[in-house]
Amino acid sequence: MIPSDIRAQFPILDSMVHGKPLVYLDNAATTQKPLAVIEAVDDYYRRRNANIHRGAYHLAAGATEAYEAVRRQVQAFIGARHAHEIVFTRGTTESINLVASSFSRRYFKGDDEVIVSGMEHHSDIVPWQLAGATLRPIPFSDEGVLDLTAYERLFSDKTRLVAVCHVSNTLGTVNPIRNIVDVAHAHGVPVLIDGAQAVAHLEVDVQALGCDFYCFSGHKMYGPMGVGVMYGREEMLNELPPYQGGGEMIESVTFERTTYNQLPYKFEAGTPSVGDVIGLGKAIGFMQQVGVRNIADHEEALLRYATDSILRLPGIRLFGTAPGKAAVLSFLVGDAHPYDVGTLVDQLGIAVRTGHHCTQPVMDRYGIPGTVRASFAVYNTRDEVDSFIAALERVLPMLE
């Protein structure tokens, strides 16, 4: 059950857009932030700002403890064994690039293959190409369900890693991660999971999933932009070389030789975004207070209501109809360009995303240029869905 005062914690939701109340349905791109997060970041810069780990004075010690407390909080939130398996980054993209860079330097041999899903975000495609890998995509059905039989046939002696999304940002598909991991591990292949679209909607336990790496962003789970997490199993992280060089990631430096710091600091070069990490901790606290299961149930009900409502409109084509999907609704209105639909409903206060959503291979799979995407969060309501549907009904004649 979602408390009735949730919306009051998000000041931006009181905004007016073109004279209409804002209906924010672009949560897969970024969620809005509750006051607890906004105030925590503000408080850090007003009263607590200092660099961490290196200062003996009061402010530095306090900032360090606040930063490391969030690391322990993230560990518990995703079920990691150790706090030092949690590496702070700027977001999912940097987390995946970190793994791709370090993993390839340690394990790639020159004829390497990485298995990805056909529904991956570009952030889980391009880093592996930059690392020199050949990608082997897992096909998916018209409904958006991965073909696990085809997946098993993709392994070869050149397979170095499997990298798949937990939840598709375009189709909403919740992929069977445990099954995917079990198959890969049976072949002796580690697995990276892009969890950017999962952590705000599902209860995540990295040990139960069995994955070797799990990456996500704060800004998609009610936290600040510019902060994210790369979870890695201790055994894997100990084997990987550093991603970047600089301060904090070293043990000792001479002009002849450098030795590296212990986990997780080996992967956290330079001054981190301390205030944003503290804000991430508040976002996790917000989600835990509401209850991740409660959030998931609320969004699932909204998605069912929105799906039933939009299918009553003429000319609607849905993309991503897998069972048990997360709170994403991708569609087209007849032959209208998605940008035209998004622009028109914006005039009525409705914020949706349009385009290829950084998943061009998905669009190629369906032979379309892009979709309109409405995505839901804990603060969205049935009344907002009604406003969204009413806006579509109003603009339909303009799209003919």
# chains A, B, ... in the order shown; residues from 1 in each chain; ligands from 1
>>> residues_around(residues="His187 (chain A)", least_positions_apart="4", cutoff="10 Å", atoms="only C-alpha atoms", output="MDAnalysis selection string")
chainID A and resid 152 155:157 159:160 181:183
>>> write_last_selection(atoms="N, CA and C atoms", output="mmCIF file, in the first residue's frame")
data_model
loop_
_atom_site.group_PDB
_atom_site.id
_atom_site.type_symbol
_atom_site.label_atom_id
_atom_site.label_comp_id
_atom_site.auth_asym_id
_atom_site.auth_seq_id
_atom_site.Cartn_x
_atom_site.Cartn_y
_atom_site.Cartn_z
ATOM 1 N N GLU A 152 21.781 -20.461 -25.290
ATOM 2 C CA GLU A 152 22.710 -21.541 -24.961
ATOM 3 C C GLU A 152 23.597 -21.907 -26.146
ATOM 4 N N PHE A 155 27.371 -19.835 -26.946
ATOM 5 C CA PHE A 155 28.647 -19.997 -26.247
ATOM 6 C C PHE A 155 29.658 -20.716 -27.124
ATOM 7 N N SER A 156 30.892 -20.258 -27.006
ATOM 8 C CA SER A 156 32.002 -20.908 -27.703
ATOM 9 C C SER A 156 33.243 -20.749 -26.839
ATOM 10 N N ASP A 157 34.366 -21.268 -27.323
ATOM 11 C CA ASP A 157 35.596 -21.108 -26.547
ATOM 12 C C ASP A 157 36.121 -19.681 -26.607
ATOM 13 N N THR A 159 33.944 -17.115 -25.885
ATOM 14 C CA THR A 159 33.039 -16.342 -25.033
ATOM 15 C C THR A 159 33.753 -15.951 -23.742
ATOM 16 N N ARG A 160 33.852 -14.667 -23.492
ATOM 17 C CA ARG A 160 34.536 -14.187 -22.296
ATOM 18 C C ARG A 160 33.570 -13.692 -21.217
ATOM 19 N N VAL A 181 22.384 -16.539 -15.649
ATOM 20 C CA VAL A 181 23.633 -16.700 -14.900
ATOM 21 C C VAL A 181 24.013 -18.175 -14.797
ATOM 22 N N ASP A 182 23.037 -19.019 -14.479
ATOM 23 C CA ASP A 182 23.341 -20.452 -14.315
ATOM 24 C C ASP A 182 23.918 -21.053 -15.591
ATOM 25 N N VAL A 183 23.350 -20.700 -16.738
ATOM 26 C CA VAL A 183 23.856 -21.219 -18.009
ATOM 27 C C VAL A 183 25.277 -20.728 -18.256
#
>>> select_by_dssp(residues="region 15-160 of chain A", states="strand (DSSP E or B)", output="ChimeraX atom specification")
/A:16-17,20-21,23-24,26,86-89,113-117,134-138,140,146,159-160
>>> closest_atom_pairs(of="region 195-243 of chain A", to="region 29-50 of chain A", cutoff="9 Å", atoms="only C-alpha atoms", output="Markdown table")
| residue | atom | partner | partner_atom | distance |
| --- | --- | --- | --- | --- |
| A:His219 | CA | A:Thr30 | CA | 5.6 |
| A:Lys220 | CA | A:Thr30 | CA | 4.7 |
| A:Met221 | CA | A:Thr31 | CA | 6.3 |
| A:Tyr222 | CA | A:Lys33 | CA | 4.9 |
| A:Gly223 | CA | A:Lys33 | CA | 6.1 |
| A:Pro224 | CA | A:Lys33 | CA | 7.3 |
| A:Met225 | CA | A:Thr30 | CA | 8.4 |
>>> closest_residue(among="A:Leu130, A:Ile284, A:Ile316, A:Ser309", to="Val70 (chain A)", atoms="only C-alpha atoms")
A:Ile284
>>> residues_around(residues="Val162 (chain A)", least_positions_apart="5", cutoff="12 Å", atoms="only C-alpha atoms", output="MDAnalysis selection string")
chainID A and resid 100 112:117 120 124:125 128 133:138 151:152 154:156 177 180:185 187:194 211:214
>>> residues_around(residues="Ala196 (chain A)", least_positions_apart="4", cutoff="8 Å", atoms="only C-alpha atoms", output="ChimeraX atom specification")
/A:92,165-167,215-217,220
>>> write_last_selection(atoms="all heavy atoms", output="tab-separated table (two decimals), in the first residue's frame")
chain	number	residue	atom	x	y	z
A	92	THR	N	25.40	4.05	-14.30
A	92	THR	CA	25.47	2.74	-14.96
A	92	THR	C	26.47	2.74	-16.11
A	92	THR	O	27.24	1.80	-16.29
A	92	THR	CB	24.08	2.34	-15.49
A	92	THR	OG1	23.12	2.44	-14.44
A	92	THR	CG2	24.09	0.93	-16.03
A	165	CYS	N	20.73	-6.88	-19.65
A	165	CYS	CA	19.95	-5.99	-18.79
A	165	CYS	C	18.99	-6.82	-17.93
A	165	CYS	O	18.45	-7.83	-18.37
A	165	CYS	CB	19.18	-4.97	-19.61
A	165	CYS	SG	18.05	-5.66	-20.85
A	166	HIS	N	18.80	-6.37	-16.72
A	166	HIS	CA	17.82	-7.00	-15.83
A	166	HIS	C	16.40	-6.69	-16.32
A	166	HIS	O	15.55	-7.56	-16.40
A	166	HIS	CB	18.03	-6.51	-14.40
A	166	HIS	CG	17.38	-7.35	-13.36
A	166	HIS	ND1	17.73	-7.30	-12.03
A	166	HIS	CD2	16.39	-8.27	-13.43
A	166	HIS	CE1	16.99	-8.15	-11.35
A	166	HIS	NE2	16.16	-8.74	-12.18
A	167	VAL	N	16.19	-5.41	-16.65
A	167	VAL	CA	14.91	-4.95	-17.18
A	167	VAL	C	15.18	-4.09	-18.41
A	167	VAL	O	16.04	-3.20	-18.37
A	167	VAL	CB	14.12	-4.12	-16.14
A	167	VAL	CG1	12.86	-3.52	-16.75
A	167	VAL	CG2	13.75	-4.99	-14.93
A	215	CYS	N	25.32	-3.34	-12.16
A	215	CYS	CA	25.55	-1.90	-12.33
A	215	CYS	C	24.23	-1.14	-12.32
A	215	CYS	O	23.26	-1.58	-12.94
A	215	CYS	CB	26.27	-1.64	-13.66
A	215	CYS	SG	27.80	-2.59	-13.87
A	216	PHE	N	24.21	0.01	-11.64
A	216	PHE	CA	23.00	0.83	-11.65
A	216	PHE	C	23.31	2.28	-11.34
A	216	PHE	O	24.42	2.63	-10.93
A	216	PHE	CB	21.93	0.27	-10.70
A	216	PHE	CG	22.34	0.17	-9.25
A	216	PHE	CD1	22.03	1.17	-8.35
A	216	PHE	CD2	22.99	-0.96	-8.78
A	216	PHE	CE1	22.36	1.07	-7.01
A	216	PHE	CE2	23.33	-1.08	-7.44
A	216	PHE	CZ	23.02	-0.06	-6.55
A	217	SER	N	22.30	3.14	-11.55
A	217	SER	CA	22.42	4.59	-11.40
A	217	SER	C	21.51	5.11	-10.30
A	217	SER	O	20.38	4.63	-10.14
A	217	SER	CB	22.04	5.31	-12.71
A	217	SER	OG	22.88	4.92	-13.77
A	220	LYS	N	17.92	7.04	-11.42
A	220	LYS	CA	16.74	6.30	-11.83
A	220	LYS	C	16.02	5.67	-10.64
A	220	LYS	O	15.03	4.97	-10.81
A	220	LYS	CB	17.12	5.21	-12.84
A	220	LYS	CG	17.66	5.79	-14.16
A	220	LYS	CD	18.00	4.68	-15.13
A	220	LYS	CE	18.71	5.22	-16.36
A	220	LYS	NZ	17.85	6.03	-17.23
>>> decode(residues="region 80-173 of chain A", atoms="C-alpha atoms", output="short mmCIF file (atom, residue, chain, number, x, y, z; two decimals), in the first residue's frame")
data_model
loop_
_atom_site.label_atom_id
_atom_site.label_comp_id
_atom_site.auth_asym_id
_atom_site.auth_seq_id
_atom_site.Cartn_x
_atom_site.Cartn_y
_atom_site.Cartn_z
CA ALA A 80 26.23 -8.03 -1.40
CA ARG A 81 28.52 -10.04 0.87
CA HIS A 82 30.96 -7.22 1.58
CA ALA A 83 30.91 -3.44 1.58
CA HIS A 84 34.18 -3.41 -0.37
CA GLU A 85 32.33 -5.05 -3.29
CA ILE A 86 30.50 -1.72 -3.77
CA VAL A 87 32.29 0.76 -6.06
CA PHE A 88 30.83 4.24 -6.52
CA THR A 89 30.80 5.61 -10.07
CA ARG A 90 29.01 8.34 -12.00
CA GLY A 91 26.26 5.94 -13.09
CA THR A 92 25.47 2.74 -14.96
CA THR A 93 27.34 3.85 -18.08
CA GLU A 94 30.58 4.46 -16.22
CA SER A 95 30.11 1.25 -14.23
CA ILE A 96 29.87 -0.84 -17.41
CA ASN A 97 32.76 1.03 -19.02
CA LEU A 98 34.83 0.35 -15.90
CA VAL A 99 34.20 -3.38 -16.13
CA ALA A 100 34.68 -3.46 -19.91
CA SER A 101 38.01 -1.66 -19.69
CA SER A 102 39.43 -3.57 -16.74
CA PHE A 103 38.00 -6.96 -17.66
CA SER A 104 39.22 -6.79 -21.25
CA ARG A 105 42.75 -5.85 -20.15
CA ARG A 106 42.81 -8.82 -17.82
CA TYR A 107 41.01 -11.51 -19.82
CA PHE A 108 40.70 -10.64 -23.53
CA LYS A 109 42.98 -12.53 -25.90
CA GLY A 110 42.26 -10.94 -29.28
CA ASP A 111 39.40 -13.03 -30.68
CA ASP A 112 36.93 -12.42 -27.87
CA GLU A 113 33.15 -12.63 -27.83
CA VAL A 114 30.64 -11.11 -25.42
CA ILE A 115 27.06 -12.37 -25.35
CA VAL A 116 24.52 -9.59 -24.94
CA SER A 117 20.76 -9.51 -25.32
CA GLY A 118 19.13 -8.06 -28.40
CA MET A 119 17.38 -5.50 -26.18
CA GLU A 120 20.48 -3.93 -24.62
CA HIS A 121 20.92 -0.21 -24.05
CA HIS A 122 23.80 1.28 -26.02
CA SER A 123 25.71 1.56 -22.73
CA ASP A 124 25.90 -2.24 -22.65
CA ILE A 125 26.89 -2.51 -26.31
CA VAL A 126 29.41 0.20 -27.15
CA PRO A 127 31.84 -0.38 -24.22
CA TRP A 128 32.36 -3.99 -25.32
CA GLN A 129 32.93 -2.90 -28.91
CA LEU A 130 35.47 -0.34 -27.67
CA ALA A 131 37.15 -3.16 -25.76
CA GLY A 132 37.50 -5.09 -29.04
CA ALA A 133 34.88 -7.80 -28.51
CA THR A 134 32.59 -9.33 -31.10
CA LEU A 135 29.02 -9.20 -29.83
CA ARG A 136 26.72 -12.22 -29.99
CA PRO A 137 23.13 -10.99 -29.38
CA ILE A 138 20.44 -13.18 -27.84
CA PRO A 139 17.32 -12.89 -30.05
CA PHE A 140 13.93 -12.07 -28.59
CA SER A 141 10.35 -12.69 -29.65
CA ASP A 142 7.81 -10.17 -30.92
CA GLU A 143 6.50 -9.97 -27.35
CA GLY A 144 9.97 -9.08 -26.06
CA VAL A 145 10.94 -12.41 -24.46
CA LEU A 146 14.52 -13.67 -24.78
CA ASP A 147 15.08 -16.95 -26.61
CA LEU A 148 17.00 -18.92 -23.98
CA THR A 149 17.46 -21.92 -26.26
CA ALA A 150 19.23 -19.69 -28.78
CA TYR A 151 21.20 -18.19 -25.89
CA GLU A 152 22.71 -21.54 -24.96
CA ARG A 153 23.89 -22.02 -28.56
CA LEU A 154 25.87 -18.76 -28.53
CA PHE A 155 28.65 -20.00 -26.25
CA SER A 156 32.00 -20.91 -27.70
CA ASP A 157 35.60 -21.11 -26.55
CA LYS A 158 35.81 -17.41 -27.43
CA THR A 159 33.04 -16.34 -25.03
CA ARG A 160 34.54 -14.19 -22.30
CA LEU A 161 31.47 -12.61 -20.67
CA VAL A 162 27.67 -12.39 -20.74
CA ALA A 163 26.27 -8.85 -20.34
CA VAL A 164 22.49 -8.43 -20.17
CA CYS A 165 19.95 -5.99 -18.79
CA HIS A 166 17.82 -7.00 -15.83
CA VAL A 167 14.91 -4.95 -17.18
CA SER A 168 14.64 -3.55 -20.71
CA ASN A 169 14.33 0.23 -20.72
CA THR A 170 12.29 0.09 -23.96
CA LEU A 171 10.19 -3.05 -23.65
CA GLY A 172 9.87 -3.38 -19.88
CA THR A 173 10.82 -7.07 -20.06
#
